[in-house]
file input-v8.cif (mmCIF, C-alpha atoms)
data_data
#
loop_
_atom_site.label_atom_id
_atom_site.label_comp_id
_atom_site.auth_asym_id
_atom_site.auth_seq_id
_atom_site.Cartn_x
_atom_site.Cartn_y
_atom_site.Cartn_z
CA MET A 1 -20.94 18.27 -10.40
CA LYS A 2 -23.63 17.05 -12.80
CA PRO A 3 -27.28 17.80 -12.04
CA ALA A 4 -29.26 14.84 -10.80
CA LEU A 5 -31.61 13.36 -13.35
CA PRO A 6 -34.91 11.61 -12.62
CA ALA A 7 -34.73 7.84 -12.43
CA VAL A 8 -37.16 7.45 -15.35
CA SER A 9 -35.10 9.52 -17.76
CA MET A 10 -31.92 7.92 -16.54
CA ALA A 11 -33.31 4.42 -16.99
CA ILE A 12 -34.20 4.92 -20.63
CA ILE A 13 -31.70 7.25 -22.22
CA ALA A 14 -32.87 8.85 -25.42
CA SER A 15 -31.34 7.22 -28.47
CA ALA A 16 -29.23 9.49 -30.64
CA THR A 17 -27.42 8.97 -33.91
CA THR A 18 -23.79 8.41 -33.14
CA SER A 19 -21.39 10.23 -35.39
CA VAL A 20 -18.61 7.84 -36.25
CA GLY A 21 -15.61 10.06 -36.66
CA VAL A 22 -12.08 8.94 -37.19
CA ALA A 23 -10.83 7.95 -33.76
CA ARG A 24 -7.24 8.79 -33.07
CA GLY A 25 -4.54 7.06 -31.33
CA PHE A 26 -2.39 5.92 -28.56
CA ASN A 27 0.82 3.94 -28.72
CA PHE A 28 0.41 0.21 -28.53
CA ALA A 29 2.56 -2.89 -28.30
CA LYS A 30 2.61 -6.05 -26.28
CA HIS A 31 2.32 -5.02 -22.67
CA LEU A 32 4.99 -6.33 -20.36
CA ALA A 33 4.24 -8.02 -17.06
CA ARG A 34 5.35 -5.70 -14.34
CA SER A 35 7.94 -7.12 -11.97
CA ARG A 36 8.11 -6.22 -8.33
CA SER A 37 11.29 -4.25 -8.91
CA PHE A 38 11.26 -0.72 -10.31
CA ARG A 39 10.11 -0.87 -13.92
CA PRO A 40 9.31 2.60 -15.25
CA SER A 41 7.23 3.27 -18.31
CA SER A 42 9.16 4.91 -21.09
CA ALA A 43 9.24 5.14 -24.83
CA SER A 44 11.25 1.93 -24.87
CA ALA A 45 8.87 0.04 -22.56
CA PRO A 46 5.30 0.34 -23.88
CA GLN A 47 2.59 -1.24 -21.78
CA PHE A 48 0.08 -2.43 -24.39
CA ARG A 49 0.39 -5.11 -27.02
CA ARG A 50 -0.87 -4.55 -30.56
CA ALA A 51 -4.46 -5.37 -31.32
CA LEU A 52 -4.80 -8.31 -33.67
CA SER A 53 -6.74 -7.41 -36.78
CA SER A 54 -8.29 -10.80 -37.46
CA PRO A 55 -10.04 -13.34 -35.22
CA LEU A 56 -7.87 -16.01 -36.84
CA HIS A 57 -4.71 -14.20 -35.76
CA ARG A 58 -5.96 -14.02 -32.17
CA THR A 59 -6.15 -17.78 -31.64
CA ALA A 60 -3.08 -17.84 -29.42
CA PHE A 61 -4.63 -15.39 -26.99
CA SER A 62 -8.32 -16.28 -27.18
CA THR A 63 -10.27 -18.37 -24.73
CA CYS A 64 -10.02 -21.97 -25.83
CA PHE A 65 -13.17 -24.05 -25.94
CA VAL A 66 -11.50 -27.26 -27.02
CA GLY A 67 -11.27 -30.10 -24.55
CA PRO A 68 -8.17 -32.11 -23.62
CA GLU A 69 -6.19 -33.59 -26.51
CA GLY A 70 -8.09 -31.48 -29.02
CA ALA A 71 -11.52 -33.01 -28.37
CA ALA A 72 -14.26 -30.52 -29.13
CA SER A 73 -16.85 -29.66 -26.53
CA GLU A 74 -20.26 -31.34 -26.72
CA GLU A 75 -21.90 -28.34 -28.38
CA SER A 76 -19.20 -27.77 -30.97
CA GLY A 77 -19.01 -31.51 -31.60
CA SER A 78 -22.53 -31.54 -33.03
CA THR A 79 -21.59 -28.84 -35.49
CA SER A 80 -18.44 -30.70 -36.44
CA THR A 81 -20.40 -33.92 -37.09
CA SER A 82 -22.86 -32.11 -39.31
CA LEU A 83 -20.10 -30.67 -41.44
CA SER A 84 -18.17 -33.92 -41.69
CA SER A 85 -21.21 -35.71 -43.09
CA ALA A 86 -21.27 -33.35 -46.07
CA PRO A 87 -18.95 -33.77 -49.06
CA PRO A 88 -15.52 -32.20 -48.28
CA ALA A 89 -15.89 -29.43 -50.87
CA LYS A 90 -19.37 -28.51 -49.66
CA ALA A 91 -18.31 -28.60 -46.00
CA SER A 92 -15.37 -26.35 -46.81
CA ALA A 93 -17.63 -23.91 -48.64
CA VAL A 94 -20.10 -23.82 -45.73
CA ALA A 95 -17.30 -23.20 -43.23
CA SER A 96 -15.75 -20.52 -45.43
CA SER A 97 -19.09 -18.76 -45.91
CA SER A 98 -19.80 -18.85 -42.17
CA ALA A 99 -16.37 -17.44 -41.34
CA GLU A 100 -16.74 -14.66 -43.89
CA GLY A 101 -20.15 -13.75 -42.49
CA ALA A 102 -18.76 -13.60 -38.95
CA ASP A 103 -15.83 -11.47 -40.09
CA ASP A 104 -18.21 -9.10 -41.89
CA GLU A 105 -20.30 -8.65 -38.74
CA ILE A 106 -17.19 -8.05 -36.66
CA GLU A 107 -15.93 -5.49 -39.17
CA GLN A 108 -19.25 -3.63 -39.31
CA THR A 109 -19.59 -3.61 -35.53
CA ALA A 110 -16.06 -2.23 -35.23
CA ARG A 111 -16.73 0.57 -37.71
CA ASN A 112 -19.90 1.53 -35.84
CA ALA A 113 -17.97 1.55 -32.54
CA LEU A 114 -15.05 3.76 -33.59
CA SER A 115 -16.23 6.55 -31.29
CA ILE A 116 -16.56 4.26 -28.24
CA THR A 117 -13.67 6.23 -26.70
CA GLY A 118 -15.95 9.26 -26.43
CA SER A 119 -14.41 12.72 -26.23
CA LEU A 120 -10.80 11.54 -25.90
CA PRO A 121 -8.67 13.59 -28.33
CA ALA A 122 -5.71 12.46 -30.38
CA PRO A 123 -2.81 11.28 -28.23
CA LEU A 124 0.01 13.54 -27.19
CA ASN A 125 3.63 12.78 -26.37
CA PHE A 126 5.34 13.53 -23.09
CA GLY A 127 9.10 13.20 -23.30
CA GLY A 128 8.89 10.21 -25.64
CA ILE A 129 5.88 8.53 -23.98
CA PRO A 130 2.57 8.66 -25.90
CA TYR A 131 -0.40 9.29 -23.62
CA LEU A 132 -4.06 10.26 -23.72
CA ASP A 133 -4.94 13.71 -22.44
CA THR A 134 -7.85 12.89 -20.14
CA SER A 135 -8.55 16.49 -19.06
CA SER A 136 -11.43 16.69 -21.56
CA LEU A 137 -13.27 13.96 -19.65
CA ALA A 138 -13.50 16.13 -16.54
CA ASP A 139 -14.64 19.08 -18.64
CA ASN A 140 -17.39 16.95 -20.23
CA HIS A 141 -18.31 15.09 -17.01
CA ALA A 142 -17.52 11.82 -18.81
CA HIS A 143 -16.68 8.64 -16.92
CA ARG A 144 -13.56 6.54 -17.58
CA VAL A 145 -14.59 2.95 -18.33
CA ILE A 146 -12.72 -0.34 -18.62
CA PHE A 147 -14.65 -3.46 -19.66
CA ILE A 148 -13.87 -6.67 -17.75
CA LEU A 149 -14.48 -9.77 -19.89
CA GLY A 150 -13.77 -13.48 -19.65
CA GLY A 151 -15.47 -16.85 -19.45
CA PRO A 152 -17.09 -18.15 -16.25
CA GLY A 153 -14.43 -19.09 -13.74
CA ALA A 154 -11.70 -17.06 -15.47
CA GLY A 155 -11.09 -15.05 -12.30
CA LYS A 156 -12.70 -11.72 -13.27
CA GLY A 157 -14.17 -11.24 -9.81
CA THR A 158 -10.95 -12.04 -7.97
CA GLN A 159 -8.88 -9.71 -10.12
CA SER A 160 -11.51 -6.97 -10.00
CA GLU A 161 -11.39 -7.00 -6.19
CA ARG A 162 -7.63 -6.48 -6.29
CA ILE A 163 -7.94 -3.72 -8.88
CA VAL A 164 -10.47 -1.90 -6.71
CA ASP A 165 -8.29 -2.30 -3.63
CA THR A 166 -5.10 -1.13 -5.36
CA TYR A 167 -6.31 1.52 -7.82
CA LYS A 168 -9.46 2.67 -5.95
CA CYS A 169 -11.62 1.99 -8.99
CA VAL A 170 -15.37 1.44 -8.87
CA HIS A 171 -16.50 -2.09 -9.80
CA LEU A 172 -19.94 -2.33 -11.39
CA SER A 173 -21.61 -5.56 -12.47
CA VAL A 174 -24.54 -5.07 -14.83
CA GLY A 175 -26.11 -8.25 -13.49
CA ASP A 176 -25.87 -7.01 -9.90
CA LEU A 177 -27.32 -3.64 -10.88
CA LEU A 178 -30.29 -5.34 -12.57
CA ARG A 179 -30.96 -7.58 -9.58
CA ALA A 180 -30.76 -4.58 -7.23
CA GLY A 181 -32.96 -2.48 -9.53
CA ALA A 182 -35.62 -5.19 -9.56
CA GLU A 183 -35.93 -4.81 -5.78
CA LYS A 184 -35.97 -1.00 -5.67
CA PRO A 185 -39.45 0.29 -4.83
CA ASP A 186 -38.73 3.67 -6.43
CA TYR A 187 -37.38 2.25 -9.70
CA PRO A 188 -40.18 2.59 -12.29
CA HIS A 189 -39.11 -0.48 -14.28
CA ALA A 190 -38.55 -2.81 -11.31
CA ASP A 191 -41.44 -5.14 -12.21
CA LEU A 192 -40.34 -5.46 -15.84
CA VAL A 193 -36.76 -6.23 -14.85
CA LYS A 194 -37.84 -8.75 -12.20
CA LYS A 195 -40.17 -10.62 -14.58
CA THR A 196 -37.51 -10.67 -17.29
CA LEU A 197 -34.87 -12.05 -14.93
CA ILE A 198 -37.23 -14.72 -13.58
CA LYS A 199 -37.98 -15.91 -17.12
CA GLY A 200 -34.27 -16.02 -17.86
CA LYS A 201 -34.59 -13.59 -20.74
CA ILE A 202 -32.35 -10.67 -21.68
CA VAL A 203 -33.28 -7.31 -20.14
CA PRO A 204 -33.57 -4.53 -22.76
CA VAL A 205 -30.13 -2.99 -23.14
CA GLU A 206 -31.40 0.55 -22.56
CA LEU A 207 -32.57 -0.45 -19.07
CA SER A 208 -29.23 -2.07 -18.25
CA LEU A 209 -27.30 0.98 -19.43
CA GLY A 210 -29.67 3.35 -17.66
CA LEU A 211 -28.98 1.65 -14.34
CA LEU A 212 -25.27 1.61 -15.13
CA ARG A 213 -25.20 5.34 -15.78
CA ILE A 214 -27.16 6.05 -12.60
CA ALA A 215 -24.59 4.05 -10.60
CA MET A 216 -21.64 5.85 -12.21
CA ASP A 217 -23.18 9.28 -11.67
CA GLU A 218 -23.92 8.51 -8.03
CA LYS A 219 -20.34 7.40 -7.39
CA ALA A 220 -18.86 10.37 -9.22
CA ASP A 221 -21.06 12.81 -7.28
CA GLU A 222 -20.32 11.41 -3.82
CA LYS A 223 -19.45 14.15 -1.38
CA ASP A 224 -16.22 13.86 0.61
CA ALA A 225 -14.99 11.08 -1.67
CA GLU A 226 -11.44 9.99 -0.87
CA TYR A 227 -10.54 9.68 -4.54
CA GLY A 228 -11.56 11.75 -7.55
CA SER A 229 -11.53 10.99 -11.29
CA ARG A 230 -11.95 7.28 -10.67
CA LEU A 231 -11.94 4.46 -13.22
CA PHE A 232 -15.11 2.39 -13.58
CA LEU A 233 -14.74 -1.36 -14.13
CA VAL A 234 -17.81 -2.59 -16.01
CA ASP A 235 -17.91 -6.33 -15.40
CA GLY A 236 -19.41 -8.73 -17.94
CA PHE A 237 -20.38 -6.12 -20.50
CA PRO A 238 -20.70 -6.00 -23.49
CA ARG A 239 -21.71 -9.62 -23.85
CA ASN A 240 -22.90 -9.50 -27.47
CA PHE A 241 -23.21 -7.26 -30.52
CA ASP A 242 -26.57 -5.95 -29.31
CA ASN A 243 -24.84 -4.69 -26.15
CA VAL A 244 -22.24 -2.89 -28.26
CA GLN A 245 -24.94 -1.28 -30.39
CA GLY A 246 -26.84 -0.18 -27.29
CA TRP A 247 -23.68 1.29 -25.78
CA MET A 248 -22.99 3.27 -28.95
CA GLU A 249 -26.56 4.60 -29.00
CA HIS A 250 -26.68 5.68 -25.37
CA MET A 251 -23.26 6.03 -23.71
CA PRO A 252 -20.52 7.84 -25.74
CA SER A 253 -21.69 11.26 -24.52
CA TYR A 254 -21.31 10.17 -20.90
CA THR A 255 -18.32 7.82 -21.02
CA ALA A 256 -14.92 7.16 -22.59
CA VAL A 257 -14.03 3.49 -22.87
CA LEU A 258 -10.28 3.23 -22.35
CA GLY A 259 -10.17 -0.47 -23.14
CA ALA A 260 -10.89 -3.95 -21.85
CA LEU A 261 -9.18 -6.57 -19.74
CA VAL A 262 -9.93 -9.97 -21.29
CA TYR A 263 -9.14 -13.00 -19.11
CA ASN A 264 -8.43 -16.05 -21.28
CA CYS A 265 -8.41 -19.62 -19.96
CA PRO A 266 -8.92 -23.13 -21.44
CA ILE A 267 -12.25 -24.78 -20.79
CA GLU A 268 -10.82 -27.69 -18.79
CA VAL A 269 -9.25 -25.27 -16.31
CA LEU A 270 -12.44 -23.22 -16.05
CA GLU A 271 -14.49 -26.37 -15.36
CA GLN A 272 -12.15 -27.41 -12.55
CA ARG A 273 -12.38 -23.96 -10.98
CA ILE A 274 -16.15 -23.80 -11.15
CA MET A 275 -16.61 -27.26 -9.63
CA ALA A 276 -14.21 -26.32 -6.82
CA ARG A 277 -16.06 -23.05 -6.30
CA ALA A 278 -19.41 -24.88 -6.23
CA GLU A 279 -18.42 -26.56 -2.96
CA THR A 280 -18.71 -23.26 -1.05
CA SER A 281 -20.31 -20.63 -3.30
CA GLY A 282 -23.97 -21.66 -2.97
CA ARG A 283 -24.57 -20.36 -6.51
CA SER A 284 -27.22 -22.28 -8.46
CA ASP A 285 -25.28 -21.84 -11.72
CA ASP A 286 -22.08 -23.37 -10.32
CA ASN A 287 -22.58 -26.78 -11.92
CA LEU A 288 -21.04 -28.44 -14.96
CA ASP A 289 -24.09 -28.27 -17.26
CA SER A 290 -24.73 -24.61 -16.52
CA ALA A 291 -21.04 -23.81 -16.83
CA ARG A 292 -20.79 -25.43 -20.26
CA ARG A 293 -23.81 -23.49 -21.49
CA ARG A 294 -22.18 -20.28 -20.26
CA PHE A 295 -18.89 -21.25 -21.94
CA LYS A 296 -20.76 -21.79 -25.20
CA THR A 297 -22.50 -18.42 -24.90
CA PHE A 298 -19.24 -16.64 -24.18
CA HIS A 299 -17.51 -18.35 -27.08
CA GLU A 300 -20.29 -17.67 -29.59
CA GLN A 301 -21.41 -14.20 -28.51
CA THR A 302 -18.75 -12.46 -26.39
CA GLU A 303 -15.55 -13.52 -28.14
CA PRO A 304 -16.72 -11.91 -31.42
CA VAL A 305 -17.27 -8.70 -29.43
CA VAL A 306 -13.66 -8.88 -28.25
CA HIS A 307 -12.55 -9.32 -31.87
CA ALA A 308 -14.59 -6.25 -32.85
CA LEU A 309 -13.05 -4.15 -30.07
CA GLU A 310 -9.59 -5.29 -31.16
CA ARG A 311 -10.47 -4.22 -34.68
CA VAL A 312 -11.49 -0.78 -33.36
CA GLU A 313 -8.08 -0.54 -31.74
CA GLY A 314 -6.40 -1.49 -34.99
CA MET A 315 -8.40 0.98 -37.10
CA GLN A 316 -7.72 3.82 -34.67
CA ALA A 317 -4.01 2.99 -34.72
CA GLU A 318 -3.95 3.07 -38.52
CA LYS A 319 -4.97 6.73 -38.41
CA ASN A 320 -2.25 7.84 -36.02
CA ALA A 321 1.48 7.50 -35.75
CA GLU A 322 1.11 7.29 -31.94
CA GLY A 323 -1.43 4.45 -31.98
CA SER A 324 -4.97 4.10 -30.64
CA GLN A 325 -7.10 5.44 -27.83
CA LEU A 326 -8.70 2.05 -27.13
CA HIS A 327 -6.59 -0.74 -25.64
CA ILE A 328 -7.69 -4.35 -25.41
CA VAL A 329 -5.39 -6.32 -23.12
CA ASN A 330 -5.51 -10.12 -23.32
CA ILE A 331 -4.43 -11.75 -20.06
CA ASP A 332 -3.46 -15.38 -19.62
CA ALA A 333 -5.68 -16.48 -16.74
CA THR A 334 -4.40 -20.06 -16.45
CA GLY A 335 -1.76 -19.28 -13.83
CA THR A 336 -1.98 -18.58 -10.14
CA VAL A 337 -3.82 -15.56 -8.79
CA GLU A 338 -0.47 -13.83 -8.34
CA ASP A 339 0.66 -14.61 -11.88
CA VAL A 340 -2.55 -13.22 -13.33
CA TRP A 341 -2.31 -10.19 -11.05
CA LYS A 342 1.12 -9.28 -12.43
CA GLU A 343 -0.36 -8.99 -15.93
CA THR A 344 -3.43 -7.18 -14.63
CA GLU A 345 -1.27 -4.73 -12.69
CA ALA A 346 0.88 -3.98 -15.75
CA ALA A 347 -2.25 -3.23 -17.79
CA MET A 348 -3.81 -1.05 -15.09
CA ASP A 349 -0.56 0.91 -14.64
CA ALA A 350 -0.70 1.75 -18.33
CA TYR A 351 -4.29 3.01 -18.08
CA VAL A 352 -3.52 5.09 -14.98
CA ARG A 353 -0.41 6.54 -16.61
CA ASN A 354 -2.67 8.64 -18.87
CA ASP A 355 -4.06 10.60 -15.91
CA VAL A 356 -0.63 11.05 -14.30
CA LEU A 357 1.01 12.39 -17.46
CA THR A 358 -2.00 14.60 -18.17
CA ALA A 359 -1.56 16.21 -14.73
CA ASN A 360 2.21 16.59 -15.17
CA ALA A 361 1.80 18.17 -18.60
CA GLN A 362 -0.82 20.57 -17.23
CA LEU A 363 1.51 21.55 -14.39
CA LEU A 364 4.35 22.40 -16.76
CA LYS A 365 1.97 24.40 -18.95
CA ALA A 366 0.78 26.34 -15.89
CA ILE A 367 4.43 27.11 -15.09
CA GLU A 368 5.15 28.26 -18.65
CA ASP A 369 2.00 30.42 -18.74
CA GLY A 370 2.57 31.88 -15.29
CA ASP A 371 -0.80 30.49 -14.20
CA ILE A 372 -0.37 30.48 -10.42
CA ASP A 373 -3.95 29.38 -9.74
CA LYS A 374 -3.60 26.24 -11.86
CA PHE A 375 -0.19 25.53 -10.36
CA THR A 376 -1.61 25.81 -6.85
CA GLU A 377 -4.57 23.57 -7.77
CA LEU A 378 -2.33 20.82 -9.13
CA CYS A 379 -0.06 20.99 -6.08
CA GLU A 380 -2.87 21.56 -3.56
CA GLY A 381 -0.83 24.42 -2.14
CA LYS A 382 1.97 22.07 -1.01
CA LEU A 383 4.60 23.56 -3.35
CA GLU A 384 5.63 27.12 -4.11
CA VAL A 385 6.80 28.45 -7.44
CA ASP A 386 10.58 28.45 -7.78
CA PRO A 387 11.42 31.42 -10.04
CA VAL A 388 14.66 29.82 -11.24
CA TYR A 389 13.02 26.66 -12.57
CA GLU A 390 9.36 27.64 -12.73
CA GLY A 391 9.31 31.05 -14.30
CA PRO A 392 6.94 31.75 -17.22
CA THR A 393 9.18 30.42 -19.95
CA PRO A 394 8.82 27.52 -22.46
CA SER A 395 10.65 24.26 -21.77
CA VAL A 396 11.33 21.06 -23.68
CA VAL A 397 10.87 17.64 -22.07
CA SER A 398 12.67 14.44 -23.09
CA LYS A 399 13.66 11.00 -21.78
CA ALA A 400 10.57 10.65 -19.59
CA GLN A 401 9.94 7.69 -17.27
CA VAL A 402 6.85 6.87 -15.22
CA ASP A 403 6.60 4.52 -12.25
CA ILE A 404 3.12 3.78 -10.88
CA ARG A 405 3.39 2.65 -7.26
CA ASP A 406 0.59 0.77 -5.53
CA GLY A 407 -2.07 2.29 -7.75
CA THR A 408 -2.36 5.68 -6.04
CA LYS A 409 1.24 6.95 -6.13
CA ALA A 410 3.43 7.81 -9.11
CA VAL A 411 6.89 9.15 -9.87
CA VAL A 412 7.54 10.99 -13.14
CA SER A 413 11.13 11.77 -14.16
CA TYR A 414 12.33 13.61 -17.28
CA ASP A 415 15.03 15.86 -18.68
CA ARG A 416 13.78 19.44 -18.92
CA GLN A 417 15.53 22.10 -21.01
CA ILE A 418 14.37 25.34 -19.41
CA LYS A 419 16.70 27.79 -21.06
CA GLU A 420 19.52 27.32 -23.53
CA GLU A 421 21.99 27.27 -20.68
CA LEU A 422 19.85 25.42 -18.09
CA LYS A 423 18.92 21.72 -18.25
CA VAL A 424 17.73 19.64 -15.30
CA ARG A 425 16.60 16.13 -14.54
CA GLU A 426 13.27 16.78 -12.85
CA THR A 427 11.44 14.21 -10.72
CA ARG A 428 7.91 14.79 -9.47
CA GLU A 429 5.99 12.67 -6.99
CA TRP A 430 2.26 12.40 -7.55
CA SER A 431 -0.60 11.16 -5.40
CA HIS A 432 -4.21 10.27 -6.22
CA GLY A 433 -6.62 12.07 -3.90
CA PRO A 434 -10.07 13.70 -3.74
CA THR A 435 -9.36 16.10 -6.62
CA GLY A 436 -7.53 13.58 -8.79
CA TRP A 437 -3.74 13.44 -9.21
CA THR A 438 -1.74 16.16 -7.43
CA CYS A 439 1.99 16.84 -7.15
CA GLU A 440 3.41 16.41 -3.64
CA ASN A 441 7.13 16.88 -4.17
CA VAL A 442 9.74 17.85 -6.79
CA ALA A 443 13.49 17.25 -6.97
CA ARG A 444 16.00 18.42 -9.57
CA GLU A 445 19.52 17.59 -10.63
CA VAL A 446 21.20 20.28 -12.72
CA ASP A 447 22.95 18.97 -15.80
CA VAL A 448 26.34 20.66 -15.88
#

call {"tool": "encode", "arguments": {"input": "input-v8.cif", "output": "C-alpha cells"}}
result
Amino acid sequence: MKPALPAVSMAIIASATTSVGVARGFNFAKHLARSRSFRPSSASAPQFRRALSSPLHRTAFSTCFVGPEGAASEESGSTSTSLSSAPPAKASAVASSSAEGADDEIEQTARNALSITGSLPAPLNFGGIPYLDTSSLADNHAHRVIFILGGPGAGKGTQSERIVDTYKCVHLSVGDLLRAGAEKPDYPHADLVKKTLIKGKIVPVELSLGLLRIAMDEKADEKDAEYGSRLFLVDGFPRNFDNVQGWMEHMPSYTAVLGALVYNCPIEVLEQRIMARAETSGRSDDNLDSARRRFKTFHEQTEPVVHALERVEGMQAEKNAEGSQLHIVNIDATGTVEDVWKETEAAMDAYVRNDVLTANAQLLKAIEDGDIDKFTELCEGKLEVDPVYEGPTPSVVSKAQVDIRDGTKAVVSYDRQIKEELKVRETREWSHGPTGWTCENVAREVDV
C-alpha cells in the first residue's frame, strides 16, 4: 500500500524530465468483435488491429466531421472558402504546408510519448500468445490506465458504464474530478479551479492530473475492496497536445497507459443523439450550437492526439517482433448500443488477457521453482500441489487459448510438456478477486 501524500503535493506533482527510451512491444492486428459463443484468444486470433502510421491512412476509422452528401460543417466551410478563393497552386501549397506542419507536430508528440506505457517491459509469449507481463506494475505501485475518447454523443458514457459493470474497472472523468475539487473545502486550489471553470477556461494540466492521481490512489488503497489490480478508465483525456505533454511530465512514474478506446461516429449521427438526449438530460451544453463547437474542438485538438498515440503504437511495434505495449482501438460507434458493446468487449478482453496470462505464467514458474508460497498465493489455498504434474521441473507450453468470461472469469488452456514422456492438455480456471487474478480449478488430459 502506498503512503498517503498531502493534498497540496498531490495536486501539483513535481515536473521531471522524462527519459524517452525505446518502448517495446505487444502483438497487434485488427481486433475481432467477440461473438456470444466461445471465442478464445490464441496466436491465430489476435485482439488488436494495427495502428495506422499516418493520419491520412486513418480516414476510414476516424470521426467524420463532414455533413450529409459531403457538405462540410459550418466551421470547416469557412476554411474551404478561403482556400478556394486563392489561385489553385497557392491553395494547394497552403494545404500541403499545413498538413506537413500537423504531421510534424504529431510525430514529435509521439516521440516524446514513447514511454507513456510506464514500467511495462518488453512483451513475452505464452504458448503462442504475446502478452504484457503486468507484474511490474504491482511492484511499482503503478496504475493501469485506458483512455476513453470520442466526440460528444459518441456513447463514451454508456459504454463506460457497461465496462465498469462487467470488468469492475474504475471510471474517472477529469471534468467531474475538477468540479468536485472546486467544491472541496480542504482542497487548497479549490478557488482557482472554480474561477477557471466559471470563466470557461482550461484548468492547468498539473491540477487536473493531481486530482486524477489522488482519485486513483484512493481507489487502489481502499480497504476490503472486492477487486484488486483494477483498470482505470480515464474519460475525455488527453484532449490536446498540452494534455499529453502534461501527462508525460507528471504521470509515467505512477501509471502505465495500456491504450485507448476511441469511439468514432459521423457528425450527423452525433447531432441526432445529442438533440434526443437534450429532451431529458437537463445539460446546458446539450444544444446544437454547443455541440457543433465541441465537435470542432474534438476534430481539431483531440483527433491529432489519437493520431499521435497511434504513431506511438507503430513506433513501439517497429522495435519488437511481438508488437507494441500501447494499443489504440478504434470502435465504430454508429450502431446500436449492443453492436458497439461487442467491439468494446472484444477490446477489453484483450486488455484483461495480459493480467490473466501474467498470473498463469507466474503460477507455472512457481511450480517449476518449487515455490510453495507463491503457488499458494496464486491459488488462495484452494489447490494443492500435485507432485506428478507440479513438481519442481521445467515445462514447455504451446497451443494456448484464453477465454475471458463476463469480465471477472477466465479459462486458460494449453499443451504442457512436463517431461519427455509426459504431455498434458492443461486447463485452468481463473477469477478476479481482492488480490487480483487467482486460480480456482485445474483439469488435465494426458496426451497418450

call {"tool": "closest_residue", "arguments": {"input": "input-v8.cif", "among": "A:Ala256, A:Leu233, A:Val262, A:Ala350", "to": "A:Leu120", "atoms": "only C-alpha atoms"}}
result
A:Ala256

call {"tool": "residues_around", "arguments": {"input": "input-v8.cif", "residues": "A:Val203", "least_positions_apart": "3", "cutoff": "9 Å", "atoms": "only C-alpha atoms", "output": "PyMOL selection string"}}
result
chain A and resi 178+192-193+196-197+206-208

call {"tool": "resolve_selection", "arguments": {"input": "input-v8.cif", "expression": "the PyMOL selection byres ((chain A and resi 399) around 10)", "output": "list of chain:residue names"}}
result
A:Ser42, A:Ala43, A:Ser44, A:Phe126, A:Gly127, A:Gly128, A:Ile129, A:Val397, A:Ser398, A:Ala400, A:Gln401, A:Ser413, A:Tyr414, A:Asp415, A:Arg416, A:Arg425

call {"tool": "closest_atom_pairs", "arguments": {"input": "input-v8.cif", "of": "stretch 314-377 of chain A", "to": "stretch 132-146 of chain A", "cutoff": "8 Å", "atoms": "only C-alpha atoms", "output": "CSV"}}
result
residue,atom,partner,partner_atom,distance
A:Gln325,CA,A:Leu132,CA,7.0
A:Asn354,CA,A:Leu132,CA,5.3
A:Asp355,CA,A:Thr134,CA,6.1
A:Leu357,CA,A:Asp133,CA,7.9
A:Thr358,CA,A:Asp133,CA,5.3

call {"tool": "atom_distance", "arguments": {"input": "input-v8.cif", "atom1": "atom CA of A:Asn240", "atom2": "atom CA of A:Lys199"}}
result
19.4 Å

call {"tool": "atom_distance", "arguments": {"input": "input-v8.cif", "atom1": "atom CA of A:Pro434", "atom2": "atom CA of A:Gly118"}}
result
23.9 Å

call {"tool": "residues_near_point", "arguments": {"input": "input-v8.cif", "point": "(-17.3, -7.4, -34.1)", "cutoff": "6 Å", "atoms": "all atoms listed in the file", "output": "number ranges by chain"}}
result
A: 105-107, 109-110, 304-305, 307-308

call {"tool": "resolve_selection", "arguments": {"input": "input-v8.cif", "expression": "the PyMOL selection byres ((chain A and resi 226) around 10)", "output": "PyMOL selection string"}}
result
chain A and resi 168+222-225+227-228+432-436

call {"tool": "atom_distance", "arguments": {"input": "input-v8.cif", "atom1": "atom CA of A:Pro121", "atom2": "atom CA of A:Phe375"}}
result
23.2 Å

call {"tool": "closest_residue", "arguments": {"input": "input-v8.cif", "among": "A:Cys169, A:Ile404, A:Val388, A:Leu177", "to": "A:Leu422", "atoms": "all atoms listed in the file"}}
result
A:Val388

call {"tool": "closest_residue", "arguments": {"input": "input-v8.cif", "among": "A:Ala220, A:Val412, A:Ala154, A:Cys439", "to": "A:Arg277", "atoms": "all atoms listed in the file"}}
result
A:Ala154

call {"tool": "closest_residue", "arguments": {"input": "input-v8.cif", "among": "A:Thr344, A:Gln362, A:Thr427, A:Gln272", "to": "A:Gly153", "atoms": "all atoms listed in the file"}}
result
A:Gln272

call {"tool": "resolve_selection", "arguments": {"input": "input-v8.cif", "expression": "the PyMOL selection byres ((chain A and resi 394) around 12)", "output": "list in words"}}
result
Leu364, Lys365, Ala366, Ile367, Glu368, Asp369, Gly370, Tyr389, Glu390, Gly391, Pro392, Thr393, Ser395, Val396, Val397, Arg416, Gln417, Ile418, Lys419 and Glu420 of chain A
